[in-house]
>>> print(open('run_20.cif').read())   # mmCIF, N, CA and C atoms and all ligand atoms
data_entry
#
loop_
_atom_site.label_atom_id
_atom_site.label_comp_id
_atom_site.auth_asym_id
_atom_site.auth_seq_id
_atom_site.Cartn_x
_atom_site.Cartn_y
_atom_site.Cartn_z
N MET A 12 0.86 -1.21 0.00
CA MET A 12 0.00 0.00 0.00
C MET A 12 0.89 1.25 0.00
N LYS A 13 0.66 2.13 -0.96
CA LYS A 13 1.45 3.37 -1.02
C LYS A 13 0.99 4.34 0.06
N LYS A 14 1.98 5.08 0.60
CA LYS A 14 1.68 6.02 1.68
C LYS A 14 2.47 7.30 1.43
N LYS A 15 1.86 8.43 1.76
CA LYS A 15 2.57 9.71 1.65
C LYS A 15 2.24 10.57 2.87
N GLU A 16 3.24 11.31 3.32
CA GLU A 16 3.04 12.16 4.51
C GLU A 16 3.01 13.63 4.09
N ILE A 17 2.08 14.37 4.67
CA ILE A 17 2.00 15.83 4.45
C ILE A 17 2.30 16.49 5.80
N THR A 18 3.12 17.52 5.78
CA THR A 18 3.38 18.30 7.00
C THR A 18 2.55 19.57 6.96
N ILE A 19 1.93 19.88 8.08
CA ILE A 19 1.05 21.05 8.17
C ILE A 19 1.48 21.89 9.37
N ILE A 20 1.66 23.18 9.14
CA ILE A 20 2.00 24.09 10.24
C ILE A 20 0.78 24.95 10.53
N SER A 21 0.24 24.83 11.74
CA SER A 21 -0.93 25.64 12.11
C SER A 21 -0.46 26.90 12.83
N HIS A 22 -1.32 27.90 12.82
CA HIS A 22 -0.95 29.21 13.40
C HIS A 22 -1.89 29.67 14.51
N SER A 23 -3.00 28.97 14.72
CA SER A 23 -3.95 29.37 15.76
C SER A 23 -4.31 28.15 16.60
N ARG A 24 -4.96 28.39 17.72
CA ARG A 24 -5.40 27.25 18.56
C ARG A 24 -6.44 26.42 17.80
N ASN A 25 -7.43 27.12 17.21
CA ASN A 25 -8.45 26.45 16.39
C ASN A 25 -8.36 27.00 14.97
N GLU A 26 -8.23 26.09 14.02
CA GLU A 26 -8.02 26.55 12.65
C GLU A 26 -8.38 25.43 11.68
N MET A 27 -9.07 25.78 10.59
CA MET A 27 -9.31 24.82 9.50
C MET A 27 -8.42 25.21 8.33
N ILE A 28 -7.52 24.32 7.95
CA ILE A 28 -6.52 24.62 6.93
C ILE A 28 -6.86 23.83 5.67
N ASP A 29 -7.07 24.55 4.57
CA ASP A 29 -7.42 23.91 3.29
C ASP A 29 -6.19 23.19 2.73
N ILE A 30 -6.25 21.87 2.67
CA ILE A 30 -5.12 21.07 2.18
C ILE A 30 -5.46 20.37 0.86
N THR A 31 -6.53 20.83 0.19
CA THR A 31 -6.98 20.18 -1.05
C THR A 31 -5.86 20.11 -2.09
N ALA A 32 -5.16 21.24 -2.28
CA ALA A 32 -4.10 21.28 -3.31
C ALA A 32 -2.96 20.33 -2.95
N GLN A 33 -2.60 20.25 -1.65
CA GLN A 33 -1.52 19.34 -1.22
C GLN A 33 -1.92 17.88 -1.44
N VAL A 34 -3.20 17.56 -1.15
CA VAL A 34 -3.67 16.18 -1.33
C VAL A 34 -3.68 15.84 -2.82
N ARG A 35 -4.13 16.79 -3.65
CA ARG A 35 -4.16 16.58 -5.11
C ARG A 35 -2.75 16.29 -5.63
N ARG A 36 -1.76 17.08 -5.13
CA ARG A 36 -0.37 16.89 -5.55
C ARG A 36 0.15 15.51 -5.12
N ALA A 37 -0.19 15.12 -3.90
CA ALA A 37 0.26 13.82 -3.38
C ALA A 37 -0.30 12.67 -4.22
N VAL A 38 -1.58 12.77 -4.61
CA VAL A 38 -2.21 11.73 -5.44
C VAL A 38 -1.51 11.67 -6.79
N SER A 39 -1.17 12.82 -7.33
CA SER A 39 -0.45 12.87 -8.60
C SER A 39 0.94 12.25 -8.46
N ASP A 40 1.65 12.58 -7.36
CA ASP A 40 2.99 12.01 -7.10
C ASP A 40 2.93 10.48 -6.97
N MET A 41 1.84 9.96 -6.41
CA MET A 41 1.72 8.52 -6.20
C MET A 41 1.18 7.81 -7.45
N SER A 42 0.89 8.59 -8.50
CA SER A 42 0.41 8.06 -9.79
C SER A 42 -0.83 7.18 -9.63
N LEU A 43 -1.73 7.57 -8.74
CA LEU A 43 -2.98 6.82 -8.57
C LEU A 43 -4.01 7.36 -9.56
N LEU A 44 -4.54 6.48 -10.42
CA LEU A 44 -5.51 6.92 -11.42
C LEU A 44 -6.94 6.69 -10.96
N ASN A 45 -7.24 5.46 -10.53
CA ASN A 45 -8.60 5.14 -10.08
C ASN A 45 -8.52 4.30 -8.81
N GLY A 46 -9.33 4.65 -7.84
CA GLY A 46 -9.33 3.95 -6.56
C GLY A 46 -9.79 4.90 -5.48
N SER A 47 -9.17 4.80 -4.33
CA SER A 47 -9.54 5.72 -3.25
C SER A 47 -8.32 5.95 -2.36
N ILE A 48 -8.41 7.01 -1.59
CA ILE A 48 -7.36 7.30 -0.61
C ILE A 48 -8.01 7.45 0.75
N THR A 49 -7.27 7.06 1.76
CA THR A 49 -7.66 7.35 3.14
C THR A 49 -6.73 8.43 3.65
N LEU A 50 -7.32 9.49 4.19
CA LEU A 50 -6.55 10.55 4.83
C LEU A 50 -6.59 10.25 6.32
N TYR A 51 -5.42 10.20 6.95
CA TYR A 51 -5.38 9.83 8.36
C TYR A 51 -4.53 10.81 9.17
N VAL A 52 -5.11 11.32 10.25
CA VAL A 52 -4.43 12.27 11.14
C VAL A 52 -4.04 11.55 12.42
N PRO A 53 -2.72 11.40 12.69
CA PRO A 53 -2.27 10.65 13.87
C PRO A 53 -2.13 11.53 15.11
N HIS A 54 -3.15 12.35 15.37
CA HIS A 54 -3.10 13.27 16.52
C HIS A 54 -4.41 13.17 17.30
N THR A 55 -4.37 13.52 18.57
CA THR A 55 -5.58 13.42 19.40
C THR A 55 -6.28 14.75 19.61
N THR A 56 -5.68 15.82 19.07
CA THR A 56 -6.33 17.14 19.19
C THR A 56 -6.40 17.82 17.82
N ALA A 57 -6.49 17.01 16.78
CA ALA A 57 -6.65 17.51 15.42
C ALA A 57 -7.59 16.56 14.69
N ALA A 58 -7.98 16.91 13.46
CA ALA A 58 -8.94 16.09 12.72
C ALA A 58 -8.83 16.41 11.24
N VAL A 59 -9.60 15.69 10.43
CA VAL A 59 -9.67 15.99 8.99
C VAL A 59 -11.13 15.91 8.56
N THR A 60 -11.55 16.87 7.73
CA THR A 60 -12.93 16.86 7.26
C THR A 60 -13.02 17.38 5.84
N ILE A 61 -14.17 17.18 5.23
CA ILE A 61 -14.46 17.71 3.89
C ILE A 61 -15.63 18.66 4.05
N ASN A 62 -15.45 19.90 3.57
CA ASN A 62 -16.55 20.86 3.67
C ASN A 62 -16.33 21.99 2.66
N GLU A 63 -17.18 23.01 2.73
CA GLU A 63 -17.11 24.10 1.74
C GLU A 63 -15.80 24.87 1.83
N HIS A 64 -15.17 25.07 0.66
CA HIS A 64 -13.96 25.89 0.68
C HIS A 64 -14.08 27.13 -0.21
N ALA A 65 -15.33 27.46 -0.58
CA ALA A 65 -15.54 28.67 -1.38
C ALA A 65 -15.62 29.90 -0.50
N ASP A 66 -16.36 29.80 0.60
CA ASP A 66 -16.57 30.94 1.49
C ASP A 66 -15.87 30.67 2.83
N PRO A 67 -14.80 31.42 3.14
CA PRO A 67 -14.04 31.19 4.39
C PRO A 67 -14.90 31.40 5.65
N SER A 68 -16.04 32.09 5.52
CA SER A 68 -16.92 32.29 6.67
C SER A 68 -17.44 30.95 7.20
N VAL A 69 -17.59 29.98 6.31
CA VAL A 69 -18.09 28.67 6.74
C VAL A 69 -17.12 28.05 7.75
N GLN A 70 -15.82 28.14 7.47
CA GLN A 70 -14.83 27.58 8.40
C GLN A 70 -14.87 28.31 9.74
N GLN A 71 -15.02 29.63 9.68
CA GLN A 71 -15.11 30.41 10.93
C GLN A 71 -16.35 30.03 11.72
N ASP A 72 -17.46 29.81 11.00
CA ASP A 72 -18.71 29.46 11.68
C ASP A 72 -18.64 28.05 12.29
N ILE A 73 -17.97 27.13 11.60
CA ILE A 73 -17.82 25.78 12.15
C ILE A 73 -17.01 25.84 13.45
N ILE A 74 -15.93 26.62 13.46
CA ILE A 74 -15.10 26.75 14.67
C ILE A 74 -15.90 27.44 15.79
N LEU A 75 -16.65 28.47 15.42
CA LEU A 75 -17.50 29.15 16.42
C LEU A 75 -18.46 28.15 17.06
N ALA A 76 -19.11 27.34 16.24
CA ALA A 76 -20.08 26.38 16.76
C ALA A 76 -19.39 25.28 17.58
N LEU A 77 -18.21 24.81 17.11
CA LEU A 77 -17.49 23.79 17.89
C LEU A 77 -17.08 24.32 19.26
N ASN A 78 -16.72 25.61 19.32
CA ASN A 78 -16.36 26.21 20.62
C ASN A 78 -17.57 26.25 21.57
N ARG A 79 -18.78 26.37 20.99
CA ARG A 79 -20.00 26.33 21.82
C ARG A 79 -20.30 24.90 22.27
N ILE A 80 -20.09 23.95 21.34
CA ILE A 80 -20.36 22.53 21.65
C ILE A 80 -19.35 22.02 22.68
N SER A 81 -18.08 22.45 22.53
CA SER A 81 -17.01 21.95 23.37
C SER A 81 -16.24 23.10 24.02
N PRO A 82 -16.84 23.75 25.02
CA PRO A 82 -16.16 24.85 25.71
C PRO A 82 -15.12 24.31 26.69
N VAL A 83 -14.27 25.21 27.20
CA VAL A 83 -13.33 24.84 28.26
C VAL A 83 -14.13 24.84 29.57
N LEU A 84 -14.19 23.69 30.23
CA LEU A 84 -14.98 23.57 31.47
C LEU A 84 -14.05 23.45 32.67
N LYS A 85 -14.41 24.13 33.75
CA LYS A 85 -13.55 24.06 34.94
C LYS A 85 -13.60 22.67 35.59
N GLU A 86 -14.64 21.89 35.25
CA GLU A 86 -14.77 20.54 35.81
C GLU A 86 -13.85 19.52 35.12
N PHE A 87 -13.24 19.89 33.98
CA PHE A 87 -12.37 18.95 33.27
C PHE A 87 -11.25 18.46 34.19
N ARG A 88 -10.91 17.17 34.09
CA ARG A 88 -9.89 16.57 34.96
C ARG A 88 -8.53 16.39 34.29
N HIS A 89 -8.51 16.35 32.96
CA HIS A 89 -7.27 16.12 32.20
C HIS A 89 -6.27 17.25 32.48
N LEU A 90 -5.10 16.89 33.02
CA LEU A 90 -4.15 17.89 33.51
C LEU A 90 -3.55 18.76 32.41
N GLU A 91 -3.55 18.27 31.18
CA GLU A 91 -2.97 19.04 30.08
C GLU A 91 -3.82 20.28 29.75
N GLY A 92 -5.08 20.29 30.23
CA GLY A 92 -5.92 21.48 30.05
C GLY A 92 -6.48 21.65 28.65
N ASN A 93 -6.51 20.57 27.86
CA ASN A 93 -7.01 20.71 26.49
C ASN A 93 -8.11 19.68 26.18
N SER A 94 -8.94 19.38 27.15
CA SER A 94 -10.00 18.41 26.91
C SER A 94 -10.99 18.89 25.86
N ASP A 95 -11.19 20.21 25.77
CA ASP A 95 -12.06 20.73 24.71
C ASP A 95 -11.51 20.35 23.33
N SER A 96 -10.18 20.37 23.20
CA SER A 96 -9.52 20.01 21.92
C SER A 96 -9.69 18.53 21.62
N HIS A 97 -9.55 17.69 22.66
CA HIS A 97 -9.73 16.24 22.47
C HIS A 97 -11.16 15.94 22.01
N LEU A 98 -12.15 16.60 22.60
CA LEU A 98 -13.54 16.36 22.20
C LEU A 98 -13.79 16.78 20.76
N LYS A 99 -13.27 17.97 20.38
CA LYS A 99 -13.45 18.44 18.99
C LYS A 99 -12.83 17.43 18.01
N SER A 100 -11.66 16.89 18.35
CA SER A 100 -10.99 15.90 17.50
C SER A 100 -11.89 14.68 17.30
N SER A 101 -12.50 14.20 18.38
CA SER A 101 -13.37 13.02 18.25
C SER A 101 -14.66 13.35 17.52
N LEU A 102 -15.18 14.56 17.69
CA LEU A 102 -16.41 14.94 16.99
C LEU A 102 -16.20 14.97 15.47
N ILE A 103 -15.10 15.54 15.03
CA ILE A 103 -14.84 15.67 13.59
C ILE A 103 -14.26 14.37 13.02
N GLY A 104 -13.36 13.73 13.76
CA GLY A 104 -12.82 12.44 13.32
C GLY A 104 -11.43 12.54 12.72
N CYS A 105 -10.68 11.44 12.83
CA CYS A 105 -9.26 11.46 12.42
C CYS A 105 -9.03 10.87 11.04
N SER A 106 -10.09 10.53 10.29
CA SER A 106 -9.86 10.03 8.93
C SER A 106 -11.01 10.39 7.99
N GLN A 107 -10.68 10.38 6.70
CA GLN A 107 -11.66 10.61 5.63
C GLN A 107 -11.27 9.74 4.45
N GLU A 108 -12.26 9.32 3.68
CA GLU A 108 -11.98 8.61 2.43
C GLU A 108 -12.35 9.52 1.27
N VAL A 109 -11.51 9.54 0.24
CA VAL A 109 -11.81 10.30 -0.97
C VAL A 109 -11.65 9.37 -2.17
N ILE A 110 -12.63 9.38 -3.06
CA ILE A 110 -12.56 8.57 -4.29
C ILE A 110 -11.67 9.28 -5.30
N ILE A 111 -10.86 8.51 -6.00
CA ILE A 111 -10.01 9.05 -7.07
C ILE A 111 -10.52 8.51 -8.40
N GLU A 112 -10.83 9.42 -9.33
CA GLU A 112 -11.33 9.03 -10.64
C GLU A 112 -10.49 9.72 -11.71
N ASN A 113 -9.87 8.93 -12.58
CA ASN A 113 -9.00 9.46 -13.64
C ASN A 113 -7.94 10.41 -13.09
N GLY A 114 -7.40 10.07 -11.93
CA GLY A 114 -6.33 10.87 -11.33
C GLY A 114 -6.80 12.09 -10.56
N ASN A 115 -8.12 12.33 -10.57
CA ASN A 115 -8.65 13.53 -9.89
C ASN A 115 -9.38 13.15 -8.60
N LEU A 116 -9.35 14.08 -7.64
CA LEU A 116 -10.14 13.91 -6.42
C LEU A 116 -11.61 14.02 -6.80
N PHE A 117 -12.44 13.05 -6.38
CA PHE A 117 -13.87 13.09 -6.69
C PHE A 117 -14.58 13.91 -5.61
N LEU A 118 -14.54 15.22 -5.80
CA LEU A 118 -15.15 16.14 -4.83
C LEU A 118 -16.20 16.97 -5.54
N GLY A 119 -17.21 17.44 -4.79
CA GLY A 119 -18.21 18.35 -5.34
C GLY A 119 -17.58 19.72 -5.58
N THR A 120 -18.29 20.53 -6.36
CA THR A 120 -17.80 21.86 -6.74
C THR A 120 -17.35 22.68 -5.54
N TRP A 121 -18.10 22.60 -4.46
CA TRP A 121 -17.83 23.48 -3.32
C TRP A 121 -17.03 22.79 -2.22
N GLN A 122 -16.67 21.52 -2.46
CA GLN A 122 -15.98 20.78 -1.41
C GLN A 122 -14.47 20.95 -1.44
N GLY A 123 -13.89 21.07 -0.25
CA GLY A 123 -12.44 21.07 -0.09
C GLY A 123 -12.10 20.18 1.10
N ILE A 124 -10.83 19.81 1.20
CA ILE A 124 -10.36 18.97 2.30
C ILE A 124 -9.65 19.86 3.31
N PHE A 125 -10.04 19.72 4.57
CA PHE A 125 -9.48 20.58 5.61
C PHE A 125 -8.80 19.77 6.71
N PHE A 126 -7.58 20.19 7.05
CA PHE A 126 -6.95 19.73 8.28
C PHE A 126 -7.50 20.62 9.38
N CYS A 127 -8.01 20.03 10.45
CA CYS A 127 -8.61 20.81 11.55
C CYS A 127 -7.66 20.80 12.75
N GLU A 128 -7.16 21.96 13.07
CA GLU A 128 -6.31 22.13 14.26
C GLU A 128 -7.18 22.57 15.42
N PHE A 129 -7.03 21.86 16.57
CA PHE A 129 -7.81 22.24 17.75
C PHE A 129 -6.94 22.54 18.96
N ASP A 130 -5.61 22.47 18.78
CA ASP A 130 -4.73 22.80 19.91
C ASP A 130 -3.40 23.35 19.40
N GLY A 131 -3.54 24.31 18.47
CA GLY A 131 -2.34 24.89 17.86
C GLY A 131 -1.84 26.09 18.65
N PRO A 132 -0.83 26.78 18.10
CA PRO A 132 -0.13 26.41 16.86
C PRO A 132 0.87 25.27 17.07
N ARG A 133 0.96 24.40 16.06
CA ARG A 133 1.84 23.23 16.12
C ARG A 133 2.26 22.82 14.70
N THR A 134 3.26 21.97 14.65
CA THR A 134 3.59 21.29 13.39
C THR A 134 2.93 19.92 13.43
N ARG A 135 2.15 19.62 12.39
CA ARG A 135 1.34 18.40 12.38
C ARG A 135 1.64 17.56 11.15
N HIS A 136 1.11 16.34 11.17
CA HIS A 136 1.30 15.43 10.04
C HIS A 136 -0.04 14.80 9.65
N LEU A 137 -0.16 14.54 8.36
CA LEU A 137 -1.34 13.84 7.85
C LEU A 137 -0.83 12.80 6.86
N TYR A 138 -1.35 11.58 6.95
CA TYR A 138 -0.93 10.52 6.04
C TYR A 138 -2.00 10.25 5.00
N ILE A 139 -1.53 9.94 3.79
CA ILE A 139 -2.42 9.59 2.69
C ILE A 139 -2.08 8.15 2.29
N PHE A 140 -3.04 7.25 2.39
CA PHE A 140 -2.85 5.86 1.99
C PHE A 140 -3.66 5.61 0.73
N CYS A 141 -3.02 5.03 -0.28
CA CYS A 141 -3.69 4.69 -1.55
C CYS A 141 -4.30 3.31 -1.48
N HIS A 142 -5.48 3.15 -2.07
CA HIS A 142 -6.11 1.82 -2.16
C HIS A 142 -6.37 1.47 -3.62
ZN ZN B 1 -4.43 16.49 26.22
#
>>> encode(input="run_20.cif", output="structure tokens")
Amino acid sequence: MKKKEITIISHSRNEMIDITAQVRRAVSDMSLLNGSITLYVPHTTAAVTINEHADPSVQQDIILALNRISPVLKEFRHLEGNSDSHLKSSLIGCSQEVIIENGNLFLGTWQGIFFCEFDGPRTRHLYIFCH
């Protein structure tokens, strides 16, 4: 199984980073024409999702809503102080599958692939596995 690693540098505590172009390049480098890829994030306070990448307000609104769903609570017991980040990671999820057709990502017109940072800024990694 072919595998490729992408490095991502985040700049905020919560941030959705459009990695569509990097994933497209990786698929091209791996010479995958038809099949699928699994995107996998090996972190407990980050995630990967597919959503609208036309209007940046959507990403801001998703983060705003996630902050409401998963606020910092004084009752949290985890000593690292980032339980809100761990919950956001589990809500969004650490993997996504994308279909590859004729060498292209099979995405809708408005869809992009986002690395979701929930405890930045940090240097992160995302793996792409070809099937
Ligand atoms: Zn933690």
>>> residues_near_ligand(input="run_20.cif", ligand="ligand ZN 1 (chain B)", cutoff="7 Å", atoms="all atoms listed in the file", output="list in words")
His89, Leu90, Glu91, Gly92, Asn93, Ser94 and His97 of chain A
>>> closest_residue(input="run_20.cif", among="A:Gln122, A:Ser106, A:Asn115, A:Gln33", to="Ile19 (chain A)", atoms="only C-alpha atoms")
A:Gln33
>>> residues_near_point(input="run_20.cif", point="(-14.6, 18.8, 17.3)", cutoff="8 Å", atoms="all atoms listed in the file", output="ChimeraX atom specification")
/A:57-58,77-78,80-81,95-104,129
>>> atom_distance(input="run_20.cif", atom1="atom C of Ser39 (chain A)", atom2="atom C of Asn113 (chain A)")
10.2 Å
>>> select_by_dssp(input="run_20.cif", residues="region 16-125 of chain A", states="alpha helix (DSSP H)", output="ChimeraX atom specification")
/A:31-40,67-80,94-103
>>> atom_distance(input="run_20.cif", atom1="CA of Thr55 (chain A)", atom2="CA of Leu43 (chain A)")
28.9 Å
>>> closest_residue(input="run_20.cif", among="A:Asn62, A:Ala37, A:Ala32, A:Thr120", to="Lys15 (chain A)", atoms="all atoms listed in the file")
A:Ala37
>>> atom_distance(input="run_20.cif", atom1="CA of Ile74 (chain A)", atom2="CA of Phe125 (chain A)")
12.3 Å
>>> closest_residue(input="run_20.cif", among="A:Thr60, A:Ser23, A:Gly46, A:Asp40", to="Ile73 (chain A)", atoms="only C-alpha atoms")
A:Thr60
>>> closest_residue(input="run_20.cif", among="A:Arg88, A:Arg135, A:Asp130, A:His142", to="Arg24 (chain A)", atoms="all atoms listed in the file")
A:Asp130
>>> select_by_dssp(input="run_20.cif", residues="region 17-125 of chain A", states="strand (DSSP E)", output="JSON list (two decimals) with N, CA and C atoms, keeping the file's coordinate frame")
[["chain", "number", "residue", "atom", "x", "y", "z"],
["A", 17, "ILE", "N", 2.08, 14.37, 4.67],
["A", 17, "ILE", "CA", 2.00, 15.83, 4.45],
["A", 17, "ILE", "C", 2.30, 16.49, 5.80],
["A", 18, "THR", "N", 3.12, 17.52, 5.78],
["A", 18, "THR", "CA", 3.38, 18.30, 7.00],
["A", 18, "THR", "C", 2.55, 19.57, 6.96],
["A", 19, "ILE", "N", 1.93, 19.88, 8.08],
["A", 19, "ILE", "CA", 1.05, 21.05, 8.17],
["A", 19, "ILE", "C", 1.48, 21.89, 9.37],
["A", 20, "ILE", "N", 1.66, 23.18, 9.14],
["A", 20, "ILE", "CA", 2.00, 24.09, 10.24],
["A", 20, "ILE", "C", 0.78, 24.95, 10.53],
["A", 26, "GLU", "N", -8.23, 26.09, 14.02],
["A", 26, "GLU", "CA", -8.02, 26.55, 12.65],
["A", 26, "GLU", "C", -8.38, 25.43, 11.68],
["A", 27, "MET", "N", -9.07, 25.78, 10.59],
["A", 27, "MET", "CA", -9.31, 24.82, 9.50],
["A", 27, "MET", "C", -8.42, 25.21, 8.33],
["A", 28, "ILE", "N", -7.52, 24.32, 7.95],
["A", 28, "ILE", "CA", -6.52, 24.62, 6.93],
["A", 28, "ILE", "C", -6.86, 23.83, 5.67],
["A", 29, "ASP", "N", -7.07, 24.55, 4.57],
["A", 29, "ASP", "CA", -7.42, 23.91, 3.29],
["A", 29, "ASP", "C", -6.19, 23.19, 2.73],
["A", 46, "GLY", "N", -9.33, 4.65, -7.84],
["A", 46, "GLY", "CA", -9.33, 3.95, -6.56],
["A", 46, "GLY", "C", -9.79, 4.90, -5.48],
["A", 47, "SER", "N", -9.17, 4.80, -4.33],
["A", 47, "SER", "CA", -9.54, 5.72, -3.25],
["A", 47, "SER", "C", -8.32, 5.95, -2.36],
["A", 48, "ILE", "N", -8.41, 7.01, -1.59],
["A", 48, "ILE", "CA", -7.36, 7.30, -0.61],
["A", 48, "ILE", "C", -8.01, 7.45, 0.75],
["A", 49, "THR", "N", -7.27, 7.06, 1.76],
["A", 49, "THR", "CA", -7.66, 7.35, 3.14],
["A", 49, "THR", "C", -6.73, 8.43, 3.65],
["A", 50, "LEU", "N", -7.32, 9.49, 4.19],
["A", 50, "LEU", "CA", -6.55, 10.55, 4.83],
["A", 50, "LEU", "C", -6.59, 10.25, 6.32],
["A", 51, "TYR", "N", -5.42, 10.20, 6.95],
["A", 51, "TYR", "CA", -5.38, 9.83, 8.36],
["A", 51, "TYR", "C", -4.53, 10.81, 9.17],
["A", 57, "ALA", "N", -6.49, 17.01, 16.78],
["A", 57, "ALA", "CA", -6.65, 17.51, 15.42],
["A", 57, "ALA", "C", -7.59, 16.56, 14.69],
["A", 58, "ALA", "N", -7.98, 16.91, 13.46],
["A", 58, "ALA", "CA", -8.94, 16.09, 12.72],
["A", 58, "ALA", "C", -8.83, 16.41, 11.24],
["A", 59, "VAL", "N", -9.60, 15.69, 10.43],
["A", 59, "VAL", "CA", -9.67, 15.99, 8.99],
["A", 59, "VAL", "C", -11.13, 15.91, 8.56],
["A", 60, "THR", "N", -11.55, 16.87, 7.73],
["A", 60, "THR", "CA", -12.93, 16.86, 7.26],
["A", 60, "THR", "C", -13.02, 17.38, 5.84],
["A", 61, "ILE", "N", -14.17, 17.18, 5.23],
["A", 61, "ILE", "CA", -14.46, 17.71, 3.89],
["A", 61, "ILE", "C", -15.63, 18.66, 4.05],
["A", 62, "ASN", "N", -15.45, 19.90, 3.57],
["A", 62, "ASN", "CA", -16.55, 20.86, 3.67],
["A", 62, "ASN", "C", -16.33, 21.99, 2.66],
["A", 63, "GLU", "N", -17.18, 23.01, 2.73],
["A", 63, "GLU", "CA", -17.11, 24.10, 1.74],
["A", 63, "GLU", "C", -15.80, 24.87, 1.83],
["A", 106, "SER", "N", -10.09, 10.53, 10.29],
["A", 106, "SER", "CA", -9.86, 10.03, 8.93],
["A", 106, "SER", "C", -11.01, 10.39, 7.99],
["A", 107, "GLN", "N", -10.68, 10.38, 6.70],
["A", 107, "GLN", "CA", -11.66, 10.61, 5.63],
["A", 107, "GLN", "C", -11.27, 9.74, 4.45],
["A", 108, "GLU", "N", -12.26, 9.32, 3.68],
["A", 108, "GLU", "CA", -11.98, 8.61, 2.43],
["A", 108, "GLU", "C", -12.35, 9.52, 1.27],
["A", 109, "VAL", "N", -11.51, 9.54, 0.24],
["A", 109, "VAL", "CA", -11.81, 10.30, -0.97],
["A", 109, "VAL", "C", -11.65, 9.37, -2.17],
["A", 110, "ILE", "N", -12.63, 9.38, -3.06],
["A", 110, "ILE", "CA", -12.56, 8.57, -4.29],
["A", 110, "ILE", "C", -11.67, 9.28, -5.30],
["A", 111, "ILE", "N", -10.86, 8.51, -6.00],
["A", 111, "ILE", "CA", -10.01, 9.05, -7.07],
["A", 111, "ILE", "C", -10.52, 8.51, -8.40],
["A", 112, "GLU", "N", -10.83, 9.42, -9.33],
["A", 112, "GLU", "CA", -11.33, 9.03, -10.64],
["A", 112, "GLU", "C", -10.49, 9.72, -11.71],
["A", 115, "ASN", "N", -8.12, 12.33, -10.57],
["A", 115, "ASN", "CA", -8.65, 13.53, -9.89],
["A", 115, "ASN", "C", -9.38, 13.15, -8.60],
["A", 116, "LEU", "N", -9.35, 14.08, -7.64],
["A", 116, "LEU", "CA", -10.14, 13.91, -6.42],
["A", 116, "LEU", "C", -11.61, 14.02, -6.80],
["A", 122, "GLN", "N", -16.67, 21.52, -2.46],
["A", 122, "GLN", "CA", -15.98, 20.78, -1.41],
["A", 122, "GLN", "C", -14.47, 20.95, -1.44],
["A", 123, "GLY", "N", -13.89, 21.07, -0.25],
["A", 123, "GLY", "CA", -12.44, 21.07, -0.09],
["A", 123, "GLY", "C", -12.10, 20.18, 1.10],
["A", 124, "ILE", "N", -10.83, 19.81, 1.20],
["A", 124, "ILE", "CA", -10.36, 18.97, 2.30],
["A", 124, "ILE", "C", -9.65, 19.86, 3.31],
["A", 125, "PHE", "N", -10.04, 19.72, 4.57],
["A", 125, "PHE", "CA", -9.48, 20.58, 5.61],
["A", 125, "PHE", "C", -8.80, 19.77, 6.71]]
>>> residues_around(input="run_20.cif", residues="Arg35 (chain A)", least_positions_apart="2", cutoff="12 Å", atoms="only C-alpha atoms", output="list of chain:residue names")
A:Lys15, A:Ile17, A:Asp29, A:Ile30, A:Thr31, A:Ala32, A:Gln33, A:Ala37, A:Val38, A:Ser39, A:Asp40, A:Met41, A:Ser42, A:Leu43, A:Leu44, A:Ile48, A:Leu50, A:Val109, A:Ile110, A:Ile111, A:Glu112, A:Gly114, A:Asn115, A:Leu116, A:Phe117, A:Leu118, A:Gly123, A:Ile124, A:Ile139
>>> closest_residue(input="run_20.cif", among="A:Thr49, A:Thr56, A:Thr18, A:Gln70", to="Phe140 (chain A)", atoms="only N, CA and C atoms")
A:Thr49
